[in-house]
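Structure file data27.csv; described as CSV, C-alpha atoms.
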```csv
chain,number,residue,atom,x,y,z
S,1,GLY,CA,-12.5,-12.7,-2.3
S,2,LYS,CA,-14.8,-9.7,-1.7
S,3,ALA,CA,-11.8,-7.3,-1.8
S,4,GLY,CA,-10.8,-8.8,-5.1
S,5,LEU,CA,-14.3,-8.5,-6.5
S,6,ILE,CA,-14.5,-4.9,-5.4
S,7,LEU,CA,-11.2,-4.1,-7.1
S,8,LEU,CA,-12.2,-5.8,-10.3
S,9,THR,CA,-15.5,-4.0,-10.3
S,10,MET,CA,-13.8,-0.7,-9.9
S,11,MET,CA,-11.4,-1.5,-12.8
S,12,VAL,CA,-14.2,-2.5,-15.1
S,13,ALA,CA,-16.2,0.6,-14.1
S,14,VAL,CA,-13.1,2.9,-14.8
S,15,ALA,CA,-12.5,1.2,-18.2
S,16,VAL,CA,-16.2,1.4,-19.3
S,17,LEU,CA,-16.5,5.1,-18.1
S,18,ALA,CA,-13.1,6.1,-19.5
S,19,PRO,CA,-14.5,8.8,-21.8
S,20,LEU,CA,-16.4,10.4,-18.9
S,21,LEU,CA,-13.5,10.2,-16.4
S,22,SER,CA,-10.7,11.3,-18.7
S,23,LEU,CA,-9.9,15.0,-19.0
S,24,TYR,CA,-8.0,14.8,-22.3
S,25,ASP,CA,-7.6,12.6,-25.3
S,26,PRO,CA,-5.0,10.0,-24.2
S,27,VAL,CA,-3.0,10.2,-27.5
S,28,GLN,CA,-3.2,14.0,-27.9
S,29,GLN,CA,0.3,15.5,-27.8
S,30,THR,CA,0.9,19.0,-26.4
S,31,VAL,CA,3.8,21.2,-25.6
S,32,THR,CA,3.3,20.8,-21.8
S,33,SER,CA,5.6,17.8,-21.4
S,34,LEU,CA,6.8,16.3,-18.1
S,35,LEU,CA,4.4,18.3,-15.9
S,36,SER,CA,4.0,17.3,-12.2
S,37,PRO,CA,0.6,16.3,-11.0
S,38,SER,CA,-1.8,19.2,-10.7
S,39,TYR,CA,-5.4,20.2,-10.8
S,40,ASN,CA,-5.4,20.2,-14.6
S,41,HIS,CA,-3.3,17.0,-15.0
S,42,TRP,CA,-4.0,14.7,-12.0
S,43,LEU,CA,-1.0,12.5,-12.7
S,44,GLY,CA,1.0,14.9,-14.7
S,45,THR,CA,2.1,14.6,-18.4
S,46,ASN,CA,4.6,12.4,-20.1
S,47,HIS,CA,7.5,13.4,-22.4
S,48,VAL,CA,5.2,14.3,-25.3
S,49,GLY,CA,2.6,16.1,-23.2
S,50,GLN,CA,0.0,13.4,-23.1
S,51,ASP,CA,-2.1,13.3,-19.9
S,52,ILE,CA,-1.0,10.3,-17.8
S,53,TRP,CA,-4.4,9.9,-16.0
S,54,SER,CA,-6.2,9.7,-19.3
S,55,GLN,CA,-3.7,7.1,-20.5
S,56,LEU,CA,-4.0,5.1,-17.3
S,57,ILE,CA,-7.8,4.7,-17.5
S,58,TYR,CA,-7.7,4.0,-21.3
S,59,GLY,CA,-4.9,1.6,-20.7
S,60,ALA,CA,-7.3,-0.3,-18.3
S,61,ARG,CA,-9.6,-0.8,-21.3
S,62,THR,CA,-6.8,-2.4,-23.3
S,63,SER,CA,-5.7,-4.6,-20.5
S,64,LEU,CA,-9.2,-5.8,-19.6
S,65,LEU,CA,-10.1,-6.3,-23.2
S,66,VAL,CA,-7.0,-8.5,-23.8
S,67,GLY,CA,-7.5,-10.3,-20.4
S,68,PHE,CA,-11.2,-11.1,-20.9
S,69,GLY,CA,-10.7,-11.9,-24.6
S,70,VAL,CA,-7.8,-14.3,-24.0
S,71,GLY,CA,-9.4,-15.8,-20.9
S,72,ALA,CA,-12.7,-16.6,-22.8
S,73,LEU,CA,-11.0,-17.9,-25.9
S,74,SER,CA,-8.5,-20.0,-24.1
S,75,LEU,CA,-11.2,-21.4,-21.9
S,76,VAL,CA,-13.3,-22.4,-24.9
S,77,LEU,CA,-10.3,-24.2,-26.4
S,78,SER,CA,-9.5,-25.9,-23.1
S,79,VAL,CA,-13.1,-27.2,-22.8
S,80,ILE,CA,-13.3,-28.4,-26.3
S,81,PHE,CA,-10.1,-30.4,-26.2
S,82,GLY,CA,-10.2,-31.4,-22.5
S,83,VAL,CA,-13.8,-32.7,-22.6
S,84,SER,CA,-13.6,-34.3,-26.0
S,85,SER,CA,-10.3,-36.0,-25.0
S,86,ALA,CA,-11.9,-37.5,-21.9
S,87,LEU,CA,-15.1,-38.7,-23.7
S,88,ILE,CA,-13.5,-40.1,-26.9
S,89,GLY,CA,-10.3,-41.5,-25.4
S,90,GLY,CA,-8.1,-43.9,-27.3
S,91,LEU,CA,-5.8,-42.7,-30.0
S,92,TYR,CA,-7.6,-39.3,-30.1
S,93,ASP,CA,-6.8,-38.7,-26.4
S,94,LYS,CA,-3.1,-39.7,-26.9
S,95,ILE,CA,-2.7,-37.3,-29.8
S,96,ILE,CA,-4.3,-34.4,-28.0
S,97,MET,CA,-2.2,-35.0,-24.9
S,98,ARG,CA,1.0,-35.1,-27.0
S,99,VAL,CA,0.0,-31.8,-28.6
S,100,VAL,CA,-0.7,-30.3,-25.2
S,101,ASP,CA,2.8,-31.5,-24.0
S,102,ALA,CA,4.4,-29.9,-27.0
S,103,PHE,CA,2.7,-26.5,-26.5
S,104,ILE,CA,3.5,-26.5,-22.7
S,105,VAL,CA,7.2,-27.0,-23.5
S,106,ILE,CA,7.2,-23.9,-25.8
S,107,PRO,CA,7.9,-20.7,-23.8
S,108,MET,CA,5.0,-18.4,-24.5
S,109,LEU,CA,7.1,-15.2,-24.5
S,110,ILE,CA,9.7,-16.5,-26.9
S,111,ALA,CA,6.9,-17.8,-29.3
S,112,VAL,CA,5.2,-14.4,-29.3
S,113,ILE,CA,8.5,-12.6,-29.9
S,114,LEU,CA,9.2,-14.9,-32.9
S,115,VAL,CA,5.8,-14.3,-34.4
S,116,ALA,CA,6.2,-10.5,-33.8
S,117,ALA,CA,9.4,-10.6,-35.9
S,118,TYR,CA,7.2,-11.4,-38.9
S,119,ILE,CA,4.0,-9.6,-38.2
S,120,ARG,CA,3.2,-6.6,-36.0
S,121,PRO,CA,0.5,-8.1,-33.8
S,122,ASP,CA,-2.4,-5.7,-33.4
S,123,LEU,CA,-5.0,-6.2,-30.6
S,124,PRO,CA,-7.1,-9.0,-32.3
S,125,VAL,CA,-4.0,-10.9,-33.4
S,126,LEU,CA,-2.4,-10.5,-29.9
S,127,ILE,CA,-5.6,-11.9,-28.3
S,128,LEU,CA,-5.7,-14.9,-30.7
S,129,LEU,CA,-2.0,-15.6,-30.3
S,130,LEU,CA,-2.0,-15.5,-26.5
S,131,ALA,CA,-5.2,-17.7,-26.4
S,132,VAL,CA,-3.6,-20.3,-28.8
S,133,LEU,CA,-0.5,-20.5,-26.6
S,134,SER,CA,-2.3,-20.6,-23.2
S,135,TRP,CA,-5.1,-23.2,-23.3
S,136,GLN,CA,-3.0,-26.3,-22.7
S,137,GLY,CA,-2.8,-26.2,-18.9
S,138,GLY,CA,-6.5,-25.7,-18.6
S,139,ALA,CA,-7.2,-28.6,-21.0
S,140,ARG,CA,-5.2,-31.0,-18.8
S,141,VAL,CA,-7.1,-30.0,-15.6
S,142,ILE,CA,-10.5,-30.2,-17.4
S,143,ARG,CA,-9.6,-33.6,-19.0
S,144,ALA,CA,-8.8,-35.1,-15.6
S,145,GLN,CA,-12.0,-33.8,-14.0
S,146,ALA,CA,-14.1,-34.9,-17.1
S,147,PHE,CA,-12.7,-38.5,-16.7
S,148,SER,CA,-14.1,-38.6,-13.2
S,149,LEU,CA,-17.4,-37.0,-14.2
S,150,LYS,CA,-18.1,-39.4,-17.0
S,151,GLU,CA,-18.1,-42.4,-14.6
S,152,ARG,CA,-21.0,-40.9,-12.6
S,153,GLY,CA,-24.4,-42.6,-12.5
S,154,HIS,CA,-26.4,-40.0,-14.4
S,155,VAL,CA,-23.8,-39.9,-17.2
S,156,GLY,CA,-23.9,-43.7,-17.5
S,157,ALA,CA,-27.7,-43.5,-17.6
S,158,SER,CA,-27.6,-41.0,-20.4
S,159,ARG,CA,-25.3,-43.3,-22.4
S,160,THR,CA,-27.7,-46.2,-21.8
S,161,PHE,CA,-30.5,-44.2,-23.2
S,162,GLY,CA,-28.5,-43.5,-26.3
S,163,ALA,CA,-27.3,-40.0,-25.7
S,164,SER,CA,-24.5,-38.8,-27.9
S,165,ARG,CA,-21.1,-37.6,-26.7
S,166,LEU,CA,-22.0,-34.1,-27.6
S,167,TYR,CA,-25.2,-34.2,-25.6
S,168,ILE,CA,-23.5,-35.7,-22.6
S,169,ALA,CA,-20.7,-33.1,-22.7
S,170,TRP,CA,-23.2,-30.2,-23.1
S,171,ARG,CA,-25.8,-31.3,-20.6
S,172,HIS,CA,-23.8,-33.2,-18.0
S,173,ILE,CA,-20.0,-32.7,-18.1
S,174,ILE,CA,-19.6,-29.0,-18.8
S,175,PRO,CA,-22.2,-27.8,-16.2
S,176,ASP,CA,-20.5,-29.9,-13.5
S,177,LEU,CA,-17.2,-28.3,-14.4
S,178,GLY,CA,-18.5,-24.8,-13.5
S,179,PRO,CA,-16.2,-24.1,-10.5
S,180,ILE,CA,-13.1,-25.3,-12.3
S,181,LEU,CA,-14.0,-23.3,-15.4
S,182,LEU,CA,-14.4,-20.1,-13.3
S,183,VAL,CA,-11.0,-20.6,-11.8
S,184,GLU,CA,-9.4,-21.3,-15.1
S,185,PHE,CA,-11.0,-18.2,-16.6
S,186,ILE,CA,-9.8,-15.9,-13.8
S,187,TYR,CA,-6.3,-17.4,-14.1
S,188,GLY,CA,-6.4,-16.9,-17.8
S,189,VAL,CA,-7.4,-13.3,-17.5
S,190,ARG,CA,-4.7,-12.5,-14.9
S,191,ARG,CA,-2.0,-14.1,-17.0
S,192,ALA,CA,-3.1,-12.3,-20.2
S,193,VAL,CA,-3.1,-8.9,-18.5
S,194,PHE,CA,0.5,-9.5,-17.3
S,195,MET,CA,1.5,-10.9,-20.7
S,196,GLU,CA,0.1,-7.9,-22.6
S,197,ALA,CA,1.8,-5.4,-20.3
S,198,GLY,CA,5.1,-7.3,-20.5
S,199,LEU,CA,5.0,-7.6,-24.3
S,200,ALA,CA,4.1,-3.9,-24.7
S,201,PHE,CA,7.0,-3.0,-22.3
S,202,LEU,CA,9.3,-5.0,-24.6
S,203,GLY,CA,8.0,-3.1,-27.6
S,204,ILE,CA,5.9,-5.9,-29.0
S,205,GLY,CA,2.5,-4.9,-30.1
S,206,ASP,CA,0.7,-1.9,-31.6
S,207,PRO,CA,2.8,1.2,-30.9
S,208,VAL,CA,-0.2,3.5,-31.2
S,209,LEU,CA,-2.3,1.6,-28.7
S,210,VAL,CA,-2.6,3.0,-25.2
S,211,SER,CA,-1.6,0.3,-22.7
S,212,TRP,CA,0.0,0.1,-19.3
S,213,GLY,CA,3.0,-1.8,-20.7
S,214,MET,CA,3.7,1.0,-23.3
S,215,MET,CA,3.4,3.6,-20.6
S,216,MET,CA,6.0,1.8,-18.5
S,217,ARG,CA,8.2,1.5,-21.6
S,218,ASP,CA,8.0,5.3,-22.2
S,219,ALA,CA,8.6,6.0,-18.5
S,220,MET,CA,11.9,3.9,-18.6
S,221,LYS,CA,13.2,6.0,-21.4
S,222,PHE,CA,12.8,9.3,-19.6
S,223,SER,CA,13.8,8.1,-16.1
S,224,TYR,CA,10.5,9.0,-14.4
S,225,LEU,CA,9.6,5.4,-13.5
```
Is it possible to give me this structure as structure tokens?
Amino acid sequence: GKAGLILLTMMVAVAVLAPLLSLYDPVQQTVTSLLSPSYNHWLGTNHVGQDIWSQLIYGARTSLLVGFGVGALSLVLSVIFGVSSALIGGLYDKIIMRVVDAFIVIPMLIAVILVAAYIRPDLPVLILLLAVLSWQGGARVIRAQAFSLKERGHVGASRTFGASRLYIAWRHIIPDLGPILLVEFIYGVRRAVFMEAGLAFLGIGDPVLVSWGMMMRDAMKFSYL
């Protein structure tokens, strides 16, 4: 856990300090293409003369922005539907669970490719799309835990005193879900980083955006990966 936290802190620091750590503009093209690593270009240059080190650290910005954006948005959706489904129950719960089942069956990669056939997903659209397609598993876990929490004594006491469902969810259910929410958020970030890199590698996304997946895609074309 400590090693993971250290690595994450280093990645965030590199992404935040990218303008200070990069030696060149990551999208600037030069005539010095396919250079080996040197003092001037720490990781060399690619086929159009762009500095690979600069692209690597700016690509960290893209990956972390997508990861944290998708993780936070999908977690919010999971909490909203999972907690409300457990507290309201009845027909509402059945409808939400059937929607969750339907979304889980849909392969995320195929869905994103189909959407990309009609619109070129830029970064905000990609974050929204991945979040909409990735909240269902978290909603199931949160719903199951919320069912257990709502039967506890202090929650029953709140209902007895006339507390609304919204008040119970905000003051009692969600705070007690803290450890589960943290795990779901971390899992969502990890999954989003891999999805963004994979989609960029397949050519789905903004072609002018610097990302790790796009770097690997370019590397495959010129046989230096």
Inset, instruction - Skip Val16 of chain S itself and residues of its chain fewer than 4 positions away, then list as a VMD selection string all residues within 10 Å of it, counting only C-alpha atoms. - result: chain S and resid 10 to 12 20 to 21 57 to 58 60 to 61
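Here atom CA of Gln136 of chain S stands at a distance of 5.2 Å from atom CA of Val100 of chain S.
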Do you have, as a Markdown table, the list of residues of segment 131-164 of chain S lying at most 7 Å from segment 172-182 of chain S, each with its nearest atom pair and that distance in Å to one decimal, counting all atoms listed in the file and ordered by chain then number?
```
| residue | atom | partner | partner_atom | distance |
| --- | --- | --- | --- | --- |
| S:Ala146 | CA | S:Ile173 | CA | 6.4 |
| S:Leu149 | CA | S:Ile173 | CA | 6.4 |
| S:Val155 | CA | S:His172 | CA | 6.7 |
```
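Taking atom CA of Leu133 of chain S as the reference point, atom CA of Phe194 of chain S is found at 14.4 Å.
The gap separating atom CA of Ala15 of chain S from atom CA of Trp42 of chain S is 17.1 Å, in Å to one decimal.
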Residues near Gly198 of chain S, cut-off 10 Å, all atoms listed in the file, skip fewer than 4 positions along chain, as a compact mmCIF listing (two decimals) with C-alpha atoms, keeping the file's coordinate frame:
```txt
# COMPACT_ATOMS: atom_id res chain seq x y z
CA LEU S 109 7.10 -15.20 -24.50
CA ALA S 192 -3.10 -12.30 -20.20
CA VAL S 193 -3.10 -8.90 -18.50
CA PHE S 194 0.50 -9.50 -17.30
CA LEU S 202 9.30 -5.00 -24.60
CA GLY S 203 8.00 -3.10 -27.60
CA ILE S 204 5.90 -5.90 -29.00
CA TRP S 212 0.00 0.10 -19.30
CA GLY S 213 3.00 -1.80 -20.70
CA MET S 214 3.70 1.00 -23.30
CA MET S 216 6.00 1.80 -18.50
CA ARG S 217 8.20 1.50 -21.60
```
Inset, instruction - Fewer than 4 positions away in the same chain doesn't count, so skip those; otherwise give me all residues within 12 Å of segment 82-96 of chain S, counting all atoms listed in the file, as a ChimeraX atom specification. - result: /S:74-78,100-103,135-151,155-156,159,164-170,172-177,181
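With distances restricted to all atoms listed in the file, S:Gly71 is the closest residue to Arg190 of chain S from S:Gly71, S:Pro26, S:Gly162, S:Gly1.
Of the residues under consideration (S:Leu8, S:Ile52, S:Leu35, S:Leu114), S:Ile52 shows the shortest atom-to-atom contact distance to Leu23 of chain S when counting all atoms listed in the file.
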Take segment 167-186 of chain S, model N, CA, C and O atoms, and hand the result over as a PDB file, keeping the file's coordinate frame.
```pdb
ATOM      1  N   TYR S 167     -24.146 -34.481 -26.560  1.00  0.00           N
ATOM      2  CA  TYR S 167     -25.200 -34.200 -25.600  1.00  0.00           C
ATOM      3  C   TYR S 167     -24.731 -34.401 -24.171  1.00  0.00           C
ATOM      4  O   TYR S 167     -25.024 -33.583 -23.296  1.00  0.00           O
ATOM      5  N   ILE S 168     -23.975 -35.463 -23.935  1.00  0.00           N
ATOM      6  CA  ILE S 168     -23.500 -35.700 -22.600  1.00  0.00           C
ATOM      7  C   ILE S 168     -22.513 -34.599 -22.148  1.00  0.00           C
ATOM      8  O   ILE S 168     -22.573 -34.121 -21.014  1.00  0.00           O
ATOM      9  N   ALA S 169     -21.660 -34.167 -23.079  1.00  0.00           N
ATOM     10  CA  ALA S 169     -20.700 -33.100 -22.700  1.00  0.00           C
ATOM     11  C   ALA S 169     -21.467 -31.801 -22.421  1.00  0.00           C
ATOM     12  O   ALA S 169     -21.149 -31.115 -21.438  1.00  0.00           O
ATOM     13  N   TRP S 170     -22.465 -31.465 -23.232  1.00  0.00           N
ATOM     14  CA  TRP S 170     -23.200 -30.200 -23.100  1.00  0.00           C
ATOM     15  C   TRP S 170     -24.102 -30.161 -21.883  1.00  0.00           C
ATOM     16  O   TRP S 170     -24.204 -29.157 -21.192  1.00  0.00           O
ATOM     17  N   ARG S 171     -24.796 -31.278 -21.627  1.00  0.00           N
ATOM     18  CA  ARG S 171     -25.800 -31.300 -20.600  1.00  0.00           C
ATOM     19  C   ARG S 171     -25.334 -31.805 -19.236  1.00  0.00           C
ATOM     20  O   ARG S 171     -25.937 -31.480 -18.212  1.00  0.00           O
ATOM     21  N   HIS S 172     -24.253 -32.574 -19.217  1.00  0.00           N
ATOM     22  CA  HIS S 172     -23.800 -33.200 -18.000  1.00  0.00           C
ATOM     23  C   HIS S 172     -22.400 -32.829 -17.543  1.00  0.00           C
ATOM     24  O   HIS S 172     -22.168 -32.478 -16.393  1.00  0.00           O
ATOM     25  N   ILE S 173     -21.449 -32.934 -18.476  1.00  0.00           N
ATOM     26  CA  ILE S 173     -20.000 -32.700 -18.100  1.00  0.00           C
ATOM     27  C   ILE S 173     -19.725 -31.267 -17.873  1.00  0.00           C
ATOM     28  O   ILE S 173     -19.230 -30.877 -16.799  1.00  0.00           O
ATOM     29  N   ILE S 174     -19.993 -30.425 -18.857  1.00  0.00           N
ATOM     30  CA  ILE S 174     -19.600 -29.000 -18.800  1.00  0.00           C
ATOM     31  C   ILE S 174     -20.303 -28.287 -17.616  1.00  0.00           C
ATOM     32  O   ILE S 174     -19.646 -27.529 -16.885  1.00  0.00           O
ATOM     33  N   PRO S 175     -21.623 -28.482 -17.380  1.00  0.00           N
ATOM     34  CA  PRO S 175     -22.200 -27.800 -16.200  1.00  0.00           C
ATOM     35  C   PRO S 175     -21.588 -28.197 -14.889  1.00  0.00           C
ATOM     36  O   PRO S 175     -21.445 -27.362 -13.992  1.00  0.00           O
ATOM     37  N   ASP S 176     -21.186 -29.466 -14.752  1.00  0.00           N
ATOM     38  CA  ASP S 176     -20.500 -29.900 -13.500  1.00  0.00           C
ATOM     39  C   ASP S 176     -19.122 -29.381 -13.365  1.00  0.00           C
ATOM     40  O   ASP S 176     -18.530 -29.459 -12.282  1.00  0.00           O
ATOM     41  N   LEU S 177     -18.557 -28.871 -14.456  1.00  0.00           N
ATOM     42  CA  LEU S 177     -17.200 -28.300 -14.400  1.00  0.00           C
ATOM     43  C   LEU S 177     -17.209 -26.830 -14.051  1.00  0.00           C
ATOM     44  O   LEU S 177     -16.146 -26.195 -14.054  1.00  0.00           O
ATOM     45  N   GLY S 178     -18.385 -26.280 -13.720  1.00  0.00           N
ATOM     46  CA  GLY S 178     -18.500 -24.800 -13.500  1.00  0.00           C
ATOM     47  C   GLY S 178     -17.467 -24.218 -12.592  1.00  0.00           C
ATOM     48  O   GLY S 178     -16.799 -23.249 -13.000  1.00  0.00           O
ATOM     49  N   PRO S 179     -17.241 -24.713 -11.374  1.00  0.00           N
ATOM     50  CA  PRO S 179     -16.200 -24.100 -10.500  1.00  0.00           C
ATOM     51  C   PRO S 179     -14.826 -24.112 -11.084  1.00  0.00           C
ATOM     52  O   PRO S 179     -14.080 -23.129 -10.961  1.00  0.00           O
ATOM     53  N   ILE S 180     -14.465 -25.215 -11.722  1.00  0.00           N
ATOM     54  CA  ILE S 180     -13.100 -25.300 -12.300  1.00  0.00           C
ATOM     55  C   ILE S 180     -13.005 -24.335 -13.494  1.00  0.00           C
ATOM     56  O   ILE S 180     -11.976 -23.677 -13.669  1.00  0.00           O
ATOM     57  N   LEU S 181     -14.063 -24.222 -14.295  1.00  0.00           N
ATOM     58  CA  LEU S 181     -14.000 -23.300 -15.400  1.00  0.00           C
ATOM     59  C   LEU S 181     -13.887 -21.866 -14.971  1.00  0.00           C
ATOM     60  O   LEU S 181     -13.175 -21.078 -15.598  1.00  0.00           O
ATOM     61  N   LEU S 182     -14.543 -21.506 -13.872  1.00  0.00           N
ATOM     62  CA  LEU S 182     -14.400 -20.100 -13.300  1.00  0.00           C
ATOM     63  C   LEU S 182     -13.011 -19.854 -12.901  1.00  0.00           C
ATOM     64  O   LEU S 182     -12.465 -18.780 -13.205  1.00  0.00           O
ATOM     65  N   VAL S 183     -12.399 -20.809 -12.204  1.00  0.00           N
ATOM     66  CA  VAL S 183     -11.000 -20.600 -11.800  1.00  0.00           C
ATOM     67  C   VAL S 183     -10.075 -20.503 -12.952  1.00  0.00           C
ATOM     68  O   VAL S 183      -9.190 -19.628 -12.979  1.00  0.00           O
ATOM     69  N   GLU S 184     -10.237 -21.351 -13.948  1.00  0.00           N
ATOM     70  CA  GLU S 184      -9.400 -21.300 -15.100  1.00  0.00           C
ATOM     71  C   GLU S 184      -9.560 -19.979 -15.878  1.00  0.00           C
ATOM     72  O   GLU S 184      -8.592 -19.416 -16.390  1.00  0.00           O
ATOM     73  N   PHE S 185     -10.795 -19.482 -15.943  1.00  0.00           N
ATOM     74  CA  PHE S 185     -11.000 -18.200 -16.600  1.00  0.00           C
ATOM     75  C   PHE S 185     -10.338 -17.063 -15.901  1.00  0.00           C
ATOM     76  O   PHE S 185      -9.672 -16.233 -16.530  1.00  0.00           O
ATOM     77  N   ILE S 186     -10.466 -17.008 -14.578  1.00  0.00           N
ATOM     78  CA  ILE S 186      -9.800 -15.900 -13.800  1.00  0.00           C
ATOM     79  C   ILE S 186      -8.313 -16.011 -13.954  1.00  0.00           C
ATOM     80  O   ILE S 186      -7.643 -14.976 -14.135  1.00  0.00           O
TER      81      ILE S 186
END
```
